[in-house]
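The structure appears right after this line, and notes come after that.
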2 protein chains.
Amino acid sequence: MRVGELSRRSGVSVASIKYYLREGLLPPGERTSPNQAAYDEGHVRRLRMVRALIDVGGLSVAATRDVLAAVDDPDVPLHEALGRAQATTTPPLTSEDDDEARAGADRALADLVRERGWHVAPHNPAWNTAVEVLATYHRLGDDDLARQLGLYAEAMEDVARREVAAVVDRGDRARTVEGVVVGTVLGDTLLAALRRLAQEHCSAQLLGRAEHPKPV
Amino acid sequence: MRVGELSRRSGVSVASIKYYLREGLLPPGERTSPNQAAYDEGHVRRLRMVRALIDVGGLSVAATRDVLAAVDDPDVPLHEALGRAQATTTPPLTSEDDDEARAGADRALADLVRERGWHVAPHNPAWNTAVEVLATYHRLGDDDLARQLGLYAEAMEDVARREVAAVVDRGDRARTVEGVVVGTVLGDTLLAALRRLAQEHCSAQLLGRAEHPKPV
């Protein structure tokens, strides 16, 4: 199909398609004349994924390019591809403060990982991110929030076990990696939204009735 | 204390402090001369919170100002203040596509909320966000990811119940709202990081050994 039809099929403007082609987010079409190229169903699918990662997942164009490179490289083992896709979707977070709060947070996370028997590489960027949040709680005097760590870890292990099993079930390597990318990036957004809905419900249960007693 | 000491105590540069004062993220100090103001422990604490929300939570300066306004307004009931703080930390997400995918996602979420007995207002912005993610899964053909919705909701309800109870336990209204803000914004980051660590562990369990058999 020509670029105009690709635009209609994917809902992405021709200008955006040309931008994504220049930025390497979309592979070039098959050249049919000096000024025209032909696109196929793979391009439609890829464009939808690009828009999902950028619009719904909130990724930058650069992060989207990194993630798609992990999807497209068939030469790395599946487990490593998942790790790469994961790493590119973790916001880099490093502190200037190498203080006692940070050291304590690092010990707390190491204890948790050992207790749960998690096998994780220390260079997983999510490690630093988790440590930085825990250290920030401590610096703010919010240690009651840091005490939710075990609960959070248990909830995320339940979620992760089922997620990984679901995408592995797809069988096909490309579809599995794609599932990890979409599921990881958009799953963050979905979990955050459900957490807010659940918080509203629990907050209404705990506080709403006490503050707004029904007239009798 | 003078602005120089405030900077040392909080680890925030004088230039940034002046910027936050101009942007209304930090209340003015007590004027002691035409060119000098005195700051107190409240300013140190507020600055640490501003940096936590911006640097660790990834909020914009505008979103940080909105969140702090909810913390500072003592005239709204506690449950409503929590709702406001929540809403400002939810990325606004609305789709141009008002299609069947979106209608189906909206029904799926309504079913879930009814089944779980959640009392949530339809104008909670998290509702639209969750619907948009589910609709995107469907448009991408990733319905196996959408089927994790019930699991996600259960995990988030467990988390939310304990979180709300913990911050309410603080007793003091200002400390409670502060706990909600910090816990909601930074908690997203912490949950996302733990999910990635758990995914690495589960992925290694499911795939790592099969792909890298131990030499015998």
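In the structure tokens, the first chain shown is A, the next is B, and so on; residue numbers restart at 1 for each chain, and ligands run from 1 in the order shown.
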Per-residue nearest contacts chain A to chain B, cut-off 7 Å, using only C-alpha atoms, as CSV:
```
residue,atom,partner,partner_atom,distance
A:Arg48,CA,B:Leu140,CA,6.7
A:Met49,CA,B:Leu140,CA,6.9
A:Ala52,CA,B:Thr136,CA,6.6
A:Val56,CA,B:Val133,CA,6.7
A:His79,CA,B:Gly208,CA,5.9
A:Gly83,CA,B:Glu200,CA,6.7
A:Gln86,CA,B:Arg196,CA,6.8
A:Trp118,CA,B:His201,CA,5.5
A:His119,CA,B:His201,CA,5.1
A:Val120,CA,B:His201,CA,5.7
A:Ala126,CA,B:Ala193,CA,4.6
A:Trp127,CA,B:Ala193,CA,6.9
A:Thr129,CA,B:Ala193,CA,6.2
A:Ala130,CA,B:Leu190,CA,5.2
A:Val133,CA,B:Leu190,CA,6.2
A:Thr136,CA,B:Ala52,CA,6.6
A:Leu140,CA,B:Arg48,CA,6.7
A:Asp144,CA,B:Ala166,CA,6.8
A:Leu145,CA,B:Gly183,CA,6.5
A:Leu151,CA,B:Val159,CA,6.9
A:Tyr152,CA,B:Leu191,CA,6.4
A:Ala153,CA,B:Leu194,CA,6.0
A:Ala155,CA,B:Ala155,CA,5.4
A:Met156,CA,B:Arg195,CA,4.9
A:Glu157,CA,B:Ala198,CA,5.2
A:Val159,CA,B:Tyr152,CA,6.7
A:Ala160,CA,B:Gln199,CA,5.0
A:Arg161,CA,B:Cys202,CA,5.7
A:Val164,CA,B:Ser203,CA,6.2
A:Ala166,CA,B:Asp144,CA,6.8
A:Gly183,CA,B:Leu145,CA,6.5
A:Leu186,CA,B:Val133,CA,6.3
A:Asp188,CA,B:Ala192,CA,6.1
A:Leu190,CA,B:Ala130,CA,5.2
A:Leu191,CA,B:Tyr152,CA,6.4
A:Ala192,CA,B:Asp188,CA,6.1
A:Ala193,CA,B:Ala126,CA,4.6
A:Leu194,CA,B:Ala153,CA,6.0
A:Arg195,CA,B:Met156,CA,4.9
A:Arg196,CA,B:Ala126,CA,6.4
A:Leu197,CA,B:Val120,CA,6.3
A:Ala198,CA,B:Glu157,CA,5.2
A:Gln199,CA,B:Ala160,CA,5.0
A:Glu200,CA,B:Val120,CA,6.2
A:His201,CA,B:His119,CA,5.0
A:Cys202,CA,B:Arg161,CA,5.7
A:Ser203,CA,B:Val164,CA,6.2
A:Ala204,CA,B:His79,CA,6.6
A:Leu207,CA,B:His79,CA,6.0
A:Gly208,CA,B:His79,CA,5.9
```
Just N, CA and C atoms for this one: save the residues we selected as a short mmCIF file (atom, residue, chain, number, x, y, z; two decimals), in the first residue's frame.
```cif
data_model
loop_
_atom_site.label_atom_id
_atom_site.label_comp_id
_atom_site.auth_asym_id
_atom_site.auth_seq_id
_atom_site.Cartn_x
_atom_site.Cartn_y
_atom_site.Cartn_z
N ARG A 48 1.06 1.21 14.91
CA ARG A 48 0.16 1.17 16.07
C ARG A 48 0.95 1.00 17.36
N MET A 49 2.01 0.19 17.29
CA MET A 49 2.84 -0.05 18.47
C MET A 49 3.60 1.22 18.85
N ALA A 52 1.25 3.50 20.54
CA ALA A 52 0.92 3.00 21.88
C ALA A 52 2.04 3.33 22.86
N VAL A 56 0.40 6.29 24.87
CA VAL A 56 -0.19 5.67 26.07
C VAL A 56 0.90 5.35 27.10
N HIS A 79 15.59 -14.60 26.83
CA HIS A 79 15.65 -14.03 28.17
C HIS A 79 16.41 -12.71 28.18
N GLY A 83 15.23 -8.81 29.00
CA GLY A 83 15.99 -7.95 29.90
C GLY A 83 16.30 -6.61 29.28
N GLN A 86 13.19 -4.53 28.96
CA GLN A 86 12.90 -4.02 30.30
C GLN A 86 13.76 -2.83 30.66
N TRP A 118 14.75 -14.10 44.90
CA TRP A 118 14.78 -13.57 43.54
C TRP A 118 16.19 -13.66 42.98
N HIS A 119 16.29 -14.14 41.74
CA HIS A 119 17.57 -14.10 41.04
C HIS A 119 17.55 -12.91 40.11
N VAL A 120 18.20 -11.82 40.52
CA VAL A 120 18.23 -10.63 39.68
C VAL A 120 19.66 -10.11 39.60
N ALA A 126 16.46 -1.26 37.41
CA ALA A 126 15.34 -1.16 38.35
C ALA A 126 15.83 -1.22 39.80
N TRP A 127 16.98 -1.86 40.02
CA TRP A 127 17.54 -1.92 41.37
C TRP A 127 17.81 -0.52 41.90
N THR A 129 16.64 2.27 40.84
CA THR A 129 15.39 3.04 40.94
C THR A 129 14.69 2.74 42.25
N ALA A 130 14.57 1.45 42.59
CA ALA A 130 13.91 1.07 43.84
C ALA A 130 14.67 1.63 45.04
N VAL A 133 13.99 5.39 45.49
CA VAL A 133 12.68 5.69 46.07
C VAL A 133 12.71 5.42 47.58
N THR A 136 14.59 8.05 49.36
CA THR A 136 13.83 9.30 49.40
C THR A 136 12.77 9.25 50.49
N LEU A 140 12.65 11.86 53.66
CA LEU A 140 11.45 12.66 53.93
C LEU A 140 10.80 12.29 55.26
N ASP A 144 7.13 4.90 57.20
CA ASP A 144 5.95 4.01 57.16
C ASP A 144 5.64 3.59 55.72
N LEU A 145 6.00 4.44 54.75
CA LEU A 145 5.80 4.05 53.35
C LEU A 145 6.83 2.99 52.95
N LEU A 151 5.16 -5.94 51.00
CA LEU A 151 3.83 -6.07 50.40
C LEU A 151 3.89 -5.78 48.90
N TYR A 152 4.58 -4.70 48.53
CA TYR A 152 4.73 -4.35 47.12
C TYR A 152 5.41 -5.48 46.34
N ALA A 153 6.47 -6.02 46.94
CA ALA A 153 7.25 -7.05 46.24
C ALA A 153 6.40 -8.29 46.02
N ALA A 155 3.12 -8.43 45.79
CA ALA A 155 2.11 -8.12 44.77
C ALA A 155 2.74 -8.16 43.37
N MET A 156 3.93 -7.60 43.25
CA MET A 156 4.56 -7.54 41.92
C MET A 156 5.05 -8.92 41.47
N GLU A 157 5.43 -9.78 42.43
CA GLU A 157 5.85 -11.13 42.02
C GLU A 157 4.64 -11.91 41.49
N VAL A 159 2.03 -10.65 40.04
CA VAL A 159 1.73 -10.06 38.73
C VAL A 159 2.74 -10.55 37.69
N ALA A 160 4.02 -10.47 38.03
CA ALA A 160 5.08 -10.80 37.07
C ALA A 160 5.01 -12.27 36.64
N ARG A 161 4.73 -13.15 37.59
CA ARG A 161 4.71 -14.58 37.26
C ARG A 161 3.66 -14.86 36.18
N VAL A 164 4.68 -13.04 32.70
CA VAL A 164 5.74 -13.72 31.95
C VAL A 164 5.19 -15.00 31.34
N ALA A 166 2.15 -15.58 30.45
CA ALA A 166 1.22 -15.26 29.36
C ALA A 166 1.98 -14.94 28.07
N GLY A 183 3.42 -4.89 27.29
CA GLY A 183 2.92 -5.20 28.63
C GLY A 183 3.68 -4.47 29.72
N LEU A 186 2.91 -0.32 28.98
CA LEU A 186 1.51 0.05 29.22
C LEU A 186 1.01 -0.52 30.55
N ASP A 188 2.60 -0.56 33.35
CA ASP A 188 2.88 0.43 34.40
C ASP A 188 1.72 1.41 34.51
N LEU A 190 -1.39 1.03 33.44
CA LEU A 190 -2.62 0.38 33.88
C LEU A 190 -2.59 0.11 35.38
N LEU A 191 -1.46 -0.39 35.89
CA LEU A 191 -1.36 -0.66 37.33
C LEU A 191 -1.51 0.63 38.12
N ALA A 192 -0.88 1.71 37.65
CA ALA A 192 -0.97 2.99 38.36
C ALA A 192 -2.42 3.48 38.39
N ALA A 193 -3.14 3.31 37.28
CA ALA A 193 -4.54 3.76 37.22
C ALA A 193 -5.41 2.92 38.15
N LEU A 194 -5.22 1.59 38.14
CA LEU A 194 -6.02 0.73 39.01
C LEU A 194 -5.70 0.99 40.48
N ARG A 195 -4.44 1.30 40.76
CA ARG A 195 -4.06 1.62 42.14
C ARG A 195 -4.82 2.86 42.63
N ARG A 196 -4.98 3.86 41.74
CA ARG A 196 -5.71 5.07 42.13
C ARG A 196 -7.18 4.79 42.35
N LEU A 197 -7.77 3.96 41.47
CA LEU A 197 -9.18 3.60 41.67
C LEU A 197 -9.34 2.84 42.99
N ALA A 198 -8.44 1.90 43.25
CA ALA A 198 -8.52 1.13 44.49
C ALA A 198 -8.29 2.03 45.71
N GLN A 199 -7.39 2.99 45.58
CA GLN A 199 -7.15 3.93 46.68
C GLN A 199 -8.40 4.76 46.95
N GLU A 200 -9.07 5.19 45.88
CA GLU A 200 -10.28 5.98 46.08
C GLU A 200 -11.31 5.16 46.85
N HIS A 201 -11.47 3.90 46.43
CA HIS A 201 -12.44 3.03 47.10
C HIS A 201 -12.06 2.83 48.58
N CYS A 202 -10.80 2.50 48.83
CA CYS A 202 -10.37 2.22 50.22
C CYS A 202 -10.42 3.49 51.07
N SER A 203 -10.08 4.63 50.45
CA SER A 203 -10.12 5.88 51.18
C SER A 203 -11.57 6.24 51.53
N ALA A 204 -12.50 6.00 50.61
CA ALA A 204 -13.92 6.26 50.90
C ALA A 204 -14.40 5.36 52.03
N LEU A 207 -12.55 6.72 55.28
CA LEU A 207 -12.72 8.12 55.68
C LEU A 207 -14.05 8.73 55.28
N GLY A 208 -14.55 8.32 54.13
CA GLY A 208 -15.71 9.01 53.55
C GLY A 208 -16.89 9.02 54.50
#
```
Inset, instruction - Identify, with DSSP run on backbone atoms, the residues in range 16-195 of chain B assigned to strand (DSSP E or B), and express the list as a ChimeraX atom specification. - result: /B:30-33,36-38
How would the residues just chosen look if you wrote them out with C-alpha atoms as a PDB file, in the first residue's frame?
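The resulting again_20.pdb:
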```pdb
ATOM      1  CA  GLU B  30       9.758  35.926  56.570  1.00  0.00           C
ATOM      2  CA  ARG B  31      11.095  39.194  55.234  1.00  0.00           C
ATOM      3  CA  THR B  32      13.863  40.504  57.551  1.00  0.00           C
ATOM      4  CA  SER B  33      15.177  43.296  55.317  1.00  0.00           C
ATOM      5  CA  GLN B  36      16.723  39.141  52.946  1.00  0.00           C
ATOM      6  CA  ALA B  37      14.258  36.595  54.240  1.00  0.00           C
ATOM      7  CA  ALA B  38      14.370  34.030  57.020  1.00  0.00           C
TER       8      ALA B  38
END
```
Inset, instruction - Please return as a PyMOL selection string: the residues of chain A that backbone DSSP assigns to alpha helix (DSSP H). - result: chain A and resi 3-10+14-22+41-51+61-72+78-88+100-116+125-139+143-146+149-168+173-203+209-211
